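Please read the structure below before turning to the comments.
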There are 2 protein chains.
Amino acid sequence: MSDSITIALDAMGGDHAPGMVLRGADIALERFPTAKFHVFGDRVRIAPLLAKLPRLAPAITLHHTDEAIPGDAKPSVALRTGRRSSMRLAIDAVADGRADGVVSAGNTGAMMAMAKFALKTLPGIDRPAIATLFPTRRGDSVMLDLGANVECDAENLVQFALMGDVFARTVLGLAQPTVGLLNVGSEDLKGNDAVRAAAARLRGGMTPIRFYGFIEGDDIAAGTVDVIVTDGFTGNVTLKAVEGVAKLFSESLRASFRYSLSARIGYLFARGALKKLAARLDPRRYNGAMFLGLAGIAVKSHGSTDAFGFANAIGVAVDLKVNGFQQKISDELARLNTGAVPAAPAAGVATLLR
Amino acid sequence: MSDSITIALDAMGGDHAPGMVLRGADIALERFPTAKFHVFGDRVRIAPLLAKLPRLAPAITLHHTDEAIPGDAKPSVALRTGRRSSMRLAIDAVADGRADGVVSAGNTGAMMAMAKFALKTLPGIDRPAIATLFPTRRGDSVMLDLGANVECDAENLVQFALMGDVFARTVLGLAQPTVGLLNVGSEDLKGNDAVRAAAARLRGGMTPIRFYGFIEGDDIAAGTVDVIVTDGFTGNVTLKAVEGVAKLFSESLRASFRYSLSARIGYLFARGALKKLAARLDPRRYNGAMFLGLAGIAVKSHGSTDAFGFANAIGVAVDLKVNGFQQKISDELARLNTGAVPAAPAAGVATLLR
């Protein structure tokens, strides 16, 4: 496992599994030629696909199971009955050290429940969060939580801020990332109790975070901050709303270029520039939501993605590993836990951040 | 007031007031040639502007005040100290029957506080909501609340659904509008207590609403439902996030067309079709957030809008009046209050909807 990176793949998760998963791994091999994969799923369906991917086959260890988690399974049911499922076995491979990270395009709730159970949360983190990169005017920002925690208190939000901050410093390579808390206005008095209390703590300077303050919805695309912190309800709805609008915009634009002969000719001339734009905003480039706060790397791909998007989700898992995110977040939590306030060495990070 | 419509205008609210307000009223006169305006603000600044708008001058009654609500005033302070402000006097004109509606581009929180105080909420409505139209794949949808109520319980959400439903039937002219509740998933068990309890009541059939069920963020732009119901925190963040992304998209597209000579030529050919698209998605067309649930018409314009956008906000107030929204929502509330459950004639709508 040392130099080469090993990723566990749930071959049966996602609308176009297992073909999309295997072709995605094949594409990922171009970026990470020394990567290895543990692939979990139905041998009968996987073997013929592998036969067509000669580059991939030697990088793979195939583990057969004929169980898979349905897309509509309740997380609690999946956790209880899915112990032999492709998703669970892939997660277990991370838990017992055989893989550096797991990627699945299956049921998000089931994956979070299983990952929490099998990998455990990091000491000092009450609840893991789902995070993603987001294209902005200034580059990429990271946003969390995107739905793991529908209701969040101030403590959860502060922990999300800490995880986002470490992510931005390690994986995005920013020396001093700025962190903003999503709210309905920028004034101190705006918002609900949770965001106000979280802001007060983050302003208090007990954390190493460079806290920008409250941000509003339009600050997301503007790239006002590097890390956008919000509760899972708001984050989930906002991210999906934005994806929906981006899709509508793209479709409308395509329709415009078919509108008249003149517009079609215009498209031919502008095609090069438009393709550059489309590539930059391609949602597949941003595929791969990270489960942060777990004692192991877990990445959730969109269920409807294609092989190119799945390869990016694998890339996210590799980036987290290569940049040592898990070690750095653990160090940061331990430092806050023991070093920051010597008078209370036994207090958890939760208490210190209050 | 009978046939002609009279709108009260806060001439001093908004980044470009009072010029933008007056030019906006002038543009609105093209659409509504018999409209009259009560204009509240600083005579010294307004009079010279009116001199340049010969069509508008005869349609206006100017009411001088040298007080205005600052953009950053706290709602409670504005309510207490702003009794002679241009915004408050314009609202009062609706309260005492001199105007059919009020439009302001000033401080949203102050306007809501003053409008609640001076106009009162309708019987059966606990809290007014802010609503706006939204362009979707299928046409326009209406979305509420957009920030009047940062924390909402199930009862508030049910009342928003009712107001949105009546709005869609009267102003949008839909016979059987569909109403959806914004959530993190479409399954019954998803979400927080408030959305689950609200959905249970709406499914119960105690209201005339055609309840679609839960919708997710991407359903907004898809136009899955005619009425999108959510709490003010989620609605505010989502709407602003979507506006921010739309702006980024437009800017990126413009930059693409400047990218190369070929792209510039392409733009010349496609310009006609692109301008049609830009006109359809023009945010100024959707300017004018309605305060629903008050005993009077109040419309809030974006503070940064121009005269064209402000004219649209005036148009929203006129549409509400022309379509008899206030009467119909009152009738609907009274009907639910007295007719729906004869066994409990004295119960408020709040109880009946439970």
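Every chain in the structure tokens has a letter given in the order shown (A, B, ...), and although residue numbers restart at 1 in each chain, ligands are simply numbered from 1 in the order shown.
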
Contacts of Leu146 (chain A) at 6 Å or less, counting only C-alpha atoms, minus same-chain residues fewer than 2 places along, as an MDAnalysis selection string?
chainID A and resid 130 144 232 235:236

Filtering to C-alpha atoms, could you give me those residues as a compact mmCIF listing (two decimals), in the first residue's frame?
```txt
# COMPACT_ATOMS: atom_id res chain seq x y z
CA ILE A 130 -20.35 15.77 3.00
CA LEU A 144 -19.99 21.51 3.38
CA GLY A 232 -26.92 19.84 5.51
CA GLY A 235 -26.32 22.90 1.58
CA ASN A 236 -28.17 20.06 -0.12
```

Return as a PyMOL selection string the residues belonging to chain A that are within 8 Å of chain B, counting only C-alpha atoms.
chain A and resi 136-137+147+150-151+182-184+191-192+216-222+233-234+236-246+248-249+252-253+256-257+259-260+262-274+277

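The residues of region 32-148 of chain A that DSSP classifies as strand (DSSP E), using the backbone of this structure, are Lys36, Phe37, His38, Val39, Phe40, Gly41, Ile60, Thr61, Leu62, His63, His64, Gly101, Val102, Val103, Ser104, Ala129, Ile130, Ala131, Thr132, Leu133, Phe134, Pro135, Thr136, Gly139, Asp140, Ser141, Val142, Met143 and Leu144 of chain A.
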
Any chance you can output those residues with C-alpha atoms as a PDB file, in the first residue's frame?
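Dumped to result.pdb:
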```pdb
ATOM      1  CA  LYS A  36      -4.499  -0.407  -7.688  1.00  0.00           C
ATOM      2  CA  PHE A  37      -8.157  -1.224  -7.218  1.00  0.00           C
ATOM      3  CA  HIS A  38     -10.104  -3.628  -5.064  1.00  0.00           C
ATOM      4  CA  VAL A  39     -13.341  -4.098  -6.968  1.00  0.00           C
ATOM      5  CA  PHE A  40     -16.421  -5.469  -5.186  1.00  0.00           C
ATOM      6  CA  GLY A  41     -19.393  -6.799  -7.093  1.00  0.00           C
ATOM      7  CA  ILE A  60      -7.573  -4.920 -10.221  1.00  0.00           C
ATOM      8  CA  THR A  61      -8.327  -7.463  -7.543  1.00  0.00           C
ATOM      9  CA  LEU A  62     -11.887  -8.651  -7.993  1.00  0.00           C
ATOM     10  CA  HIS A  63     -13.942  -9.665  -4.943  1.00  0.00           C
ATOM     11  CA  HIS A  64     -17.188 -11.366  -5.763  1.00  0.00           C
ATOM     12  CA  GLY A 101     -10.068   5.000   0.241  1.00  0.00           C
ATOM     13  CA  VAL A 102     -13.457   3.888  -1.051  1.00  0.00           C
ATOM     14  CA  VAL A 103     -15.518   5.259  -3.938  1.00  0.00           C
ATOM     15  CA  SER A 104     -19.165   4.414  -4.604  1.00  0.00           C
ATOM     16  CA  ALA A 129     -20.049  16.071   6.758  1.00  0.00           C
ATOM     17  CA  ILE A 130     -20.350  15.771   3.000  1.00  0.00           C
ATOM     18  CA  ALA A 131     -18.174  18.224   1.105  1.00  0.00           C
ATOM     19  CA  THR A 132     -17.638  19.075  -2.534  1.00  0.00           C
ATOM     20  CA  LEU A 133     -15.592  21.415  -4.679  1.00  0.00           C
ATOM     21  CA  PHE A 134     -17.470  24.174  -6.431  1.00  0.00           C
ATOM     22  CA  PRO A 135     -16.377  26.300  -9.426  1.00  0.00           C
ATOM     23  CA  THR A 136     -16.366  30.040  -8.646  1.00  0.00           C
ATOM     24  CA  GLY A 139     -11.247  29.249  -8.766  1.00  0.00           C
ATOM     25  CA  ASP A 140     -12.579  26.384  -6.705  1.00  0.00           C
ATOM     26  CA  SER A 141     -14.133  26.617  -3.241  1.00  0.00           C
ATOM     27  CA  VAL A 142     -15.131  23.779  -0.948  1.00  0.00           C
ATOM     28  CA  MET A 143     -18.632  23.617   0.493  1.00  0.00           C
ATOM     29  CA  LEU A 144     -19.993  21.507   3.379  1.00  0.00           C
TER      30      LEU A 144
END
```

Once chain A has been least-squares superposed onto chain B, matching all their Cα atoms in order, can you return it as a CSV table (one decimal) with C-alpha atoms, in the first residue's frame?
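Below is the file result_28.csv, written as the result:
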```csv
chain,number,residue,atom,x,y,z
A,1,MET,CA,-59.3,54.5,-7.0
A,2,SER,CA,-62.0,52.4,-8.6
A,3,ASP,CA,-61.0,51.8,-12.2
A,4,SER,CA,-57.6,53.4,-12.3
A,5,ILE,CA,-54.9,51.8,-10.1
A,6,THR,CA,-52.9,53.9,-7.7
A,7,ILE,CA,-49.5,52.7,-6.4
A,8,ALA,CA,-47.6,54.3,-3.6
A,9,LEU,CA,-43.9,54.6,-4.3
A,10,ASP,CA,-41.0,55.0,-1.8
A,11,ALA,CA,-39.0,57.4,-3.9
A,12,MET,CA,-36.0,57.2,-1.5
A,13,GLY,CA,-35.3,53.4,-1.4
A,14,GLY,CA,-32.7,51.7,-3.5
A,15,ASP,CA,-29.1,52.3,-4.6
A,16,HIS,CA,-30.2,54.6,-7.5
A,17,ALA,CA,-33.1,56.4,-5.8
A,18,PRO,CA,-34.9,58.6,-6.5
A,19,GLY,CA,-34.0,58.8,-10.2
A,20,MET,CA,-34.5,55.0,-10.8
A,21,VAL,CA,-37.9,55.1,-9.0
A,22,LEU,CA,-39.2,57.9,-11.1
A,23,ARG,CA,-37.9,56.6,-14.4
A,24,GLY,CA,-39.3,53.2,-13.4
A,25,ALA,CA,-42.7,54.7,-12.8
A,26,ASP,CA,-42.4,56.4,-16.2
A,27,ILE,CA,-41.7,53.0,-17.9
A,28,ALA,CA,-44.6,51.4,-16.0
A,29,LEU,CA,-46.9,54.0,-17.4
A,30,GLU,CA,-46.4,52.5,-20.8
A,31,ARG,CA,-47.9,49.3,-19.6
A,32,PHE,CA,-50.5,50.8,-17.4
A,33,PRO,CA,-51.4,54.2,-19.0
A,34,THR,CA,-54.2,54.9,-16.5
A,35,ALA,CA,-52.1,54.2,-13.4
A,36,LYS,CA,-51.6,56.9,-10.8
A,37,PHE,CA,-48.7,57.2,-8.3
A,38,HIS,CA,-48.4,58.6,-4.8
A,39,VAL,CA,-44.7,59.4,-4.5
A,40,PHE,CA,-43.1,59.9,-1.1
A,41,GLY,CA,-39.7,61.5,-0.7
A,42,ASP,CA,-37.5,64.5,-0.9
A,43,ARG,CA,-39.2,67.2,-3.0
A,44,VAL,CA,-35.8,69.0,-3.6
A,45,ARG,CA,-34.4,65.9,-5.3
A,46,ILE,CA,-37.6,64.7,-6.9
A,47,ALA,CA,-38.9,67.9,-8.5
A,48,PRO,CA,-36.0,68.4,-11.0
A,49,LEU,CA,-36.3,64.8,-12.1
A,50,LEU,CA,-40.0,65.1,-12.6
A,51,ALA,CA,-39.4,68.1,-14.8
A,52,LYS,CA,-37.6,65.8,-17.3
A,53,LEU,CA,-40.4,63.2,-17.3
A,54,PRO,CA,-43.4,65.1,-18.9
A,55,ARG,CA,-45.5,62.0,-19.3
A,56,LEU,CA,-45.1,61.0,-15.7
A,57,ALA,CA,-45.6,64.3,-14.0
A,58,PRO,CA,-49.5,64.4,-14.4
A,59,ALA,CA,-49.8,60.9,-13.0
A,60,ILE,CA,-48.1,61.7,-9.8
A,61,THR,CA,-49.0,63.2,-6.5
A,62,LEU,CA,-45.8,64.2,-4.7
A,63,HIS,CA,-45.7,64.0,-0.9
A,64,HIS,CA,-42.7,65.6,0.7
A,65,THR,CA,-40.6,64.1,3.5
A,66,ASP,CA,-37.0,64.5,4.2
A,67,GLU,CA,-36.8,61.3,6.2
A,68,ALA,CA,-35.7,58.0,4.7
A,69,ILE,CA,-34.9,54.6,6.1
A,70,PRO,CA,-31.1,53.8,5.8
A,71,GLY,CA,-30.3,50.5,4.0
A,72,ASP,CA,-28.6,49.1,7.1
A,73,ALA,CA,-31.3,50.2,9.7
A,74,LYS,CA,-32.5,47.5,12.0
A,75,PRO,CA,-36.2,46.7,11.4
A,76,SER,CA,-37.1,47.4,15.0
A,77,VAL,CA,-35.4,50.8,14.9
A,78,ALA,CA,-36.9,51.6,11.6
A,79,LEU,CA,-40.3,50.7,12.9
A,80,ARG,CA,-39.9,52.8,16.0
A,81,THR,CA,-38.2,55.9,14.6
A,82,GLY,CA,-39.2,55.9,10.9
A,83,ARG,CA,-42.8,57.0,11.2
A,84,ARG,CA,-42.2,60.0,8.9
A,85,SER,CA,-39.9,58.1,6.5
A,86,SER,CA,-40.7,57.9,2.8
A,87,MET,CA,-41.1,54.1,3.1
A,88,ARG,CA,-43.5,54.3,6.0
A,89,LEU,CA,-45.6,57.0,4.5
A,90,ALA,CA,-45.9,55.0,1.3
A,91,ILE,CA,-47.1,51.9,3.3
A,92,ASP,CA,-49.5,54.1,5.2
A,93,ALA,CA,-51.1,55.2,1.9
A,94,VAL,CA,-52.1,51.6,1.4
A,95,ALA,CA,-53.2,51.1,5.0
A,96,ASP,CA,-55.6,54.0,4.8
A,97,GLY,CA,-56.9,53.2,1.3
A,98,ARG,CA,-55.4,55.9,-0.7
A,99,ALA,CA,-53.3,53.5,-2.7
A,100,ASP,CA,-53.8,49.9,-4.0
A,101,GLY,CA,-50.3,48.8,-3.3
A,102,VAL,CA,-46.8,50.0,-2.3
A,103,VAL,CA,-43.5,49.4,-4.0
A,104,SER,CA,-40.1,50.1,-2.4
A,105,ALA,CA,-36.5,49.2,-3.3
A,106,GLY,CA,-35.4,50.0,0.3
A,107,ASN,CA,-34.4,48.0,3.3
A,108,THR,CA,-36.3,44.6,3.2
A,109,GLY,CA,-36.4,44.0,6.9
A,110,ALA,CA,-37.6,47.5,7.7
A,111,MET,CA,-40.3,47.2,5.0
A,112,MET,CA,-41.6,43.9,6.3
A,113,ALA,CA,-41.7,45.2,9.9
A,114,MET,CA,-43.5,48.4,8.9
A,115,ALA,CA,-45.9,46.6,6.5
A,116,LYS,CA,-46.8,44.0,9.2
A,117,PHE,CA,-47.4,46.8,11.6
A,118,ALA,CA,-49.3,49.2,9.4
A,119,LEU,CA,-51.2,46.7,7.1
A,120,LYS,CA,-51.6,43.8,9.6
A,121,THR,CA,-51.6,40.2,8.6
A,122,LEU,CA,-54.7,38.5,7.2
A,123,PRO,CA,-56.9,36.6,9.6
A,124,GLY,CA,-55.7,33.0,9.6
A,125,ILE,CA,-52.1,33.9,8.6
A,126,ASP,CA,-49.5,33.8,11.4
A,127,ARG,CA,-46.6,35.2,9.4
A,128,PRO,CA,-46.4,36.9,6.0
A,129,ALA,CA,-44.0,35.4,3.5
A,130,ILE,CA,-41.9,36.9,0.7
A,131,ALA,CA,-42.5,35.4,-2.7
A,132,THR,CA,-41.1,35.8,-6.1
A,133,LEU,CA,-41.6,34.4,-9.6
A,134,PHE,CA,-38.8,32.2,-11.0
A,135,PRO,CA,-38.0,31.2,-14.6
A,136,THR,CA,-38.1,27.5,-15.2
A,137,ARG,CA,-38.0,25.0,-18.0
A,138,ARG,CA,-41.8,25.0,-18.1
A,139,GLY,CA,-42.5,28.7,-17.6
A,140,ASP,CA,-42.7,30.6,-14.3
A,141,SER,CA,-43.0,29.2,-10.9
A,142,VAL,CA,-43.6,31.0,-7.6
A,143,MET,CA,-41.3,30.4,-4.6
A,144,LEU,CA,-41.8,31.4,-1.0
A,145,ASP,CA,-40.6,32.2,1.7
A,146,LEU,CA,-37.5,34.0,0.7
A,147,GLY,CA,-36.4,35.4,4.0
A,148,ALA,CA,-39.2,36.9,6.1
A,149,ASN,CA,-39.2,33.9,8.4
A,150,VAL,CA,-35.8,32.4,9.2
A,151,GLU,CA,-37.3,29.7,11.3
A,152,CYS,CA,-40.6,28.1,10.3
A,153,ASP,CA,-42.7,25.4,11.8
A,154,ALA,CA,-45.1,23.1,9.9
A,155,GLU,CA,-48.0,25.5,10.4
A,156,ASN,CA,-46.1,28.3,8.7
A,157,LEU,CA,-45.1,26.1,5.8
A,158,VAL,CA,-48.8,25.0,5.3
A,159,GLN,CA,-49.9,28.6,5.3
A,160,PHE,CA,-47.2,29.5,2.7
A,161,ALA,CA,-48.5,26.6,0.6
A,162,LEU,CA,-52.0,28.0,0.8
A,163,MET,CA,-50.8,31.5,-0.2
A,164,GLY,CA,-48.7,30.2,-3.0
A,165,ASP,CA,-51.6,28.2,-4.3
A,166,VAL,CA,-54.0,31.1,-4.4
A,167,PHE,CA,-51.3,33.2,-6.0
A,168,ALA,CA,-50.7,30.7,-8.8
A,169,ARG,CA,-54.5,30.3,-9.4
A,170,THR,CA,-55.2,34.1,-9.4
A,171,VAL,CA,-52.1,35.8,-10.8
A,172,LEU,CA,-50.6,33.0,-12.9
A,173,GLY,CA,-54.1,31.9,-14.0
A,174,LEU,CA,-53.5,28.2,-13.3
A,175,ALA,CA,-56.6,26.1,-12.7
A,176,GLN,CA,-54.9,23.5,-10.6
A,177,PRO,CA,-51.4,24.5,-9.6
A,178,THR,CA,-49.1,21.9,-8.1
A,179,VAL,CA,-47.4,22.7,-4.8
A,180,GLY,CA,-44.1,21.2,-3.7
A,181,LEU,CA,-42.2,21.3,-0.4
A,182,LEU,CA,-38.5,21.8,-0.8
A,183,ASN,CA,-36.5,19.0,1.0
A,184,VAL,CA,-33.2,17.0,0.8
A,185,GLY,CA,-35.0,14.0,-0.8
A,186,SER,CA,-38.3,12.9,-2.0
A,187,GLU,CA,-39.0,10.1,0.4
A,188,ASP,CA,-41.5,10.6,3.2
A,189,LEU,CA,-38.8,10.1,5.9
A,190,LYS,CA,-36.4,12.7,4.6
A,191,GLY,CA,-35.9,16.1,6.1
A,192,ASN,CA,-36.5,17.8,9.4
A,193,ASP,CA,-39.6,17.7,11.6
A,194,ALA,CA,-41.2,20.8,10.1
A,195,VAL,CA,-41.2,19.7,6.5
A,196,ARG,CA,-42.3,16.2,7.4
A,197,ALA,CA,-45.2,17.5,9.5
A,198,ALA,CA,-46.2,20.0,6.9
A,199,ALA,CA,-46.2,17.4,4.2
A,200,ALA,CA,-48.4,15.1,6.3
A,201,ARG,CA,-50.9,17.9,6.7
A,202,LEU,CA,-50.9,18.9,3.1
A,203,ARG,CA,-51.3,15.2,2.1
A,204,GLY,CA,-54.2,15.0,4.5
A,205,GLY,CA,-56.5,16.8,2.0
A,206,MET,CA,-57.8,19.4,4.5
A,207,THR,CA,-56.8,22.2,2.0
A,208,PRO,CA,-57.8,22.7,-1.6
A,209,ILE,CA,-54.1,22.4,-2.5
A,210,ARG,CA,-52.9,19.9,-5.2
A,211,PHE,CA,-49.9,18.8,-3.2
A,212,TYR,CA,-47.1,17.2,-5.3
A,213,GLY,CA,-45.0,16.2,-2.3
A,214,PHE,CA,-41.4,16.8,-1.6
A,215,ILE,CA,-39.2,18.3,-4.2
A,216,GLU,CA,-35.4,18.7,-4.3
A,217,GLY,CA,-33.3,21.7,-5.3
A,218,ASP,CA,-32.9,20.7,-8.9
A,219,ASP,CA,-36.7,20.6,-9.2
A,220,ILE,CA,-36.8,24.4,-9.0
A,221,ALA,CA,-35.3,25.1,-12.4
A,222,ALA,CA,-36.9,22.0,-13.9
A,223,GLY,CA,-40.3,23.5,-13.1
A,224,THR,CA,-41.5,20.3,-11.5
A,225,VAL,CA,-44.2,22.3,-9.5
A,226,ASP,CA,-45.9,25.6,-9.9
A,227,VAL,CA,-45.4,26.6,-6.3
A,228,ILE,CA,-42.2,26.0,-4.3
A,229,VAL,CA,-42.6,26.2,-0.5
A,230,THR,CA,-39.7,26.5,1.9
A,231,ASP,CA,-38.6,28.2,5.0
A,232,GLY,CA,-37.1,31.7,4.8
A,233,PHE,CA,-33.5,30.6,5.5
A,234,THR,CA,-33.4,28.0,2.8
A,235,GLY,CA,-35.3,30.1,0.4
A,236,ASN,CA,-33.2,33.2,0.8
A,237,VAL,CA,-29.9,31.3,0.5
A,238,THR,CA,-31.1,29.2,-2.5
A,239,LEU,CA,-32.5,32.2,-4.4
A,240,LYS,CA,-29.3,34.2,-3.9
A,241,ALA,CA,-27.1,31.3,-4.8
A,242,VAL,CA,-29.0,30.7,-8.0
A,243,GLU,CA,-28.8,34.4,-8.9
A,244,GLY,CA,-25.1,34.3,-8.2
A,245,VAL,CA,-24.5,31.3,-10.5
A,246,ALA,CA,-26.6,32.8,-13.2
A,247,LYS,CA,-24.5,35.9,-13.1
A,248,LEU,CA,-21.3,33.9,-13.2
A,249,PHE,CA,-22.6,31.9,-16.1
A,250,SER,CA,-23.5,35.1,-18.0
A,251,GLU,CA,-20.2,36.7,-17.4
A,252,SER,CA,-18.3,33.6,-18.4
A,253,LEU,CA,-20.3,33.4,-21.6
A,254,ARG,CA,-19.5,37.1,-22.4
A,255,ALA,CA,-15.9,36.4,-21.7
A,256,SER,CA,-16.0,33.4,-24.0
A,257,PHE,CA,-17.2,35.5,-26.9
A,258,ARG,CA,-14.3,37.9,-26.4
A,259,TYR,CA,-11.9,35.0,-26.2
A,260,SER,CA,-10.8,35.0,-29.9
A,261,LEU,CA,-11.5,36.7,-33.2
A,262,SER,CA,-13.4,33.6,-34.3
A,263,ALA,CA,-15.5,33.8,-31.1
A,264,ARG,CA,-16.3,37.5,-31.7
A,265,ILE,CA,-17.4,36.7,-35.3
A,266,GLY,CA,-19.5,33.8,-33.9
A,267,TYR,CA,-21.2,36.3,-31.5
A,268,LEU,CA,-22.2,38.5,-34.4
A,269,PHE,CA,-24.0,35.7,-36.1
A,270,ALA,CA,-25.6,34.3,-32.9
A,271,ARG,CA,-26.4,37.7,-31.4
A,272,GLY,CA,-30.1,37.6,-32.2
A,273,ALA,CA,-30.8,34.2,-30.6
A,274,LEU,CA,-28.6,35.0,-27.6
A,275,LYS,CA,-30.4,38.3,-27.0
A,276,LYS,CA,-33.7,36.4,-26.9
A,277,LEU,CA,-32.3,34.1,-24.3
A,278,ALA,CA,-30.8,37.0,-22.3
A,279,ALA,CA,-34.2,38.7,-22.4
A,280,ARG,CA,-36.0,35.6,-21.1
A,281,LEU,CA,-33.6,35.1,-18.3
A,282,ASP,CA,-33.1,38.8,-17.5
A,283,PRO,CA,-33.2,39.1,-13.7
A,284,ARG,CA,-34.9,42.5,-14.0
A,285,ARG,CA,-37.9,40.7,-15.5
A,286,TYR,CA,-38.3,38.8,-12.2
A,287,ASN,CA,-37.7,41.9,-10.0
A,288,GLY,CA,-40.4,42.5,-7.4
A,289,ALA,CA,-40.8,40.2,-4.4
A,290,MET,CA,-44.3,40.1,-3.0
A,291,PHE,CA,-45.1,40.3,0.7
A,292,LEU,CA,-48.0,37.8,0.9
A,293,GLY,CA,-50.3,37.3,3.8
A,294,LEU,CA,-50.7,41.0,4.6
A,295,ALA,CA,-54.0,42.9,4.4
A,296,GLY,CA,-52.6,45.0,1.6
A,297,ILE,CA,-50.3,44.8,-1.4
A,298,ALA,CA,-46.6,45.4,-0.8
A,299,VAL,CA,-43.8,44.7,-3.3
A,300,LYS,CA,-40.1,44.9,-2.6
A,301,SER,CA,-37.8,45.7,-5.5
A,302,HIS,CA,-34.1,44.7,-5.5
A,303,GLY,CA,-32.1,47.6,-4.1
A,304,SER,CA,-29.7,47.5,-6.9
A,305,THR,CA,-32.2,47.4,-9.8
A,306,ASP,CA,-32.5,49.9,-12.5
A,307,ALA,CA,-35.6,51.7,-13.8
A,308,PHE,CA,-36.6,48.8,-16.0
A,309,GLY,CA,-36.5,46.4,-13.1
A,310,PHE,CA,-38.4,48.8,-10.9
A,311,ALA,CA,-41.1,49.1,-13.5
A,312,ASN,CA,-41.5,45.4,-13.3
A,313,ALA,CA,-41.8,45.6,-9.5
A,314,ILE,CA,-44.6,48.1,-10.1
A,315,GLY,CA,-46.1,45.6,-12.6
A,316,VAL,CA,-46.1,42.9,-9.9
A,317,ALA,CA,-48.1,45.2,-7.6
A,318,VAL,CA,-50.6,46.0,-10.4
A,319,ASP,CA,-51.0,42.3,-11.3
A,320,LEU,CA,-51.8,41.4,-7.7
A,321,LYS,CA,-54.5,44.2,-7.7
A,322,VAL,CA,-55.9,43.5,-11.1
A,323,ASN,CA,-56.2,39.8,-10.4
A,324,GLY,CA,-57.9,40.4,-7.1
A,325,PHE,CA,-55.3,38.4,-5.1
A,326,GLN,CA,-56.1,40.0,-1.8
A,327,GLN,CA,-59.8,39.3,-2.1
A,328,LYS,CA,-59.3,35.7,-3.2
A,329,ILE,CA,-56.8,34.8,-0.4
A,330,SER,CA,-59.2,36.4,2.1
A,331,ASP,CA,-62.1,34.3,0.7
A,332,GLU,CA,-60.0,31.2,0.8
A,333,LEU,CA,-59.0,31.7,4.4
A,334,ALA,CA,-62.5,32.5,5.4
A,335,ARG,CA,-63.8,29.4,3.6
A,336,LEU,CA,-61.3,27.2,5.3
A,337,ASN,CA,-62.1,28.9,8.6
A,338,THR,CA,-65.8,28.5,8.5
A,339,GLY,CA,-66.9,26.0,5.9
A,340,ALA,CA,-64.4,23.1,5.7
A,341,VAL,CA,-65.1,21.6,9.1
A,342,PRO,CA,-68.6,22.5,10.3
A,343,ALA,CA,-68.1,20.8,13.6
A,344,ALA,CA,-65.5,23.4,14.6
A,345,PRO,CA,-66.8,26.7,13.2
A,346,ALA,CA,-64.8,28.8,15.7
A,347,ALA,CA,-61.4,27.1,15.0
A,348,GLY,CA,-58.8,29.2,13.2
A,349,VAL,CA,-57.4,28.1,9.9
A,350,ALA,CA,-54.3,27.2,11.8
A,351,THR,CA,-56.2,24.5,13.7
A,352,LEU,CA,-58.1,23.2,10.7
A,353,LEU,CA,-54.9,22.7,8.7
A,354,ARG,CA,-53.3,20.7,11.5
```

If you run DSSP on this backbone, which residues of region 202-279 of chain A come out as alpha helix (DSSP H), and could you give them as a PyMOL selection string?
chain A and resi 202-203+218-222+232-257+261-279
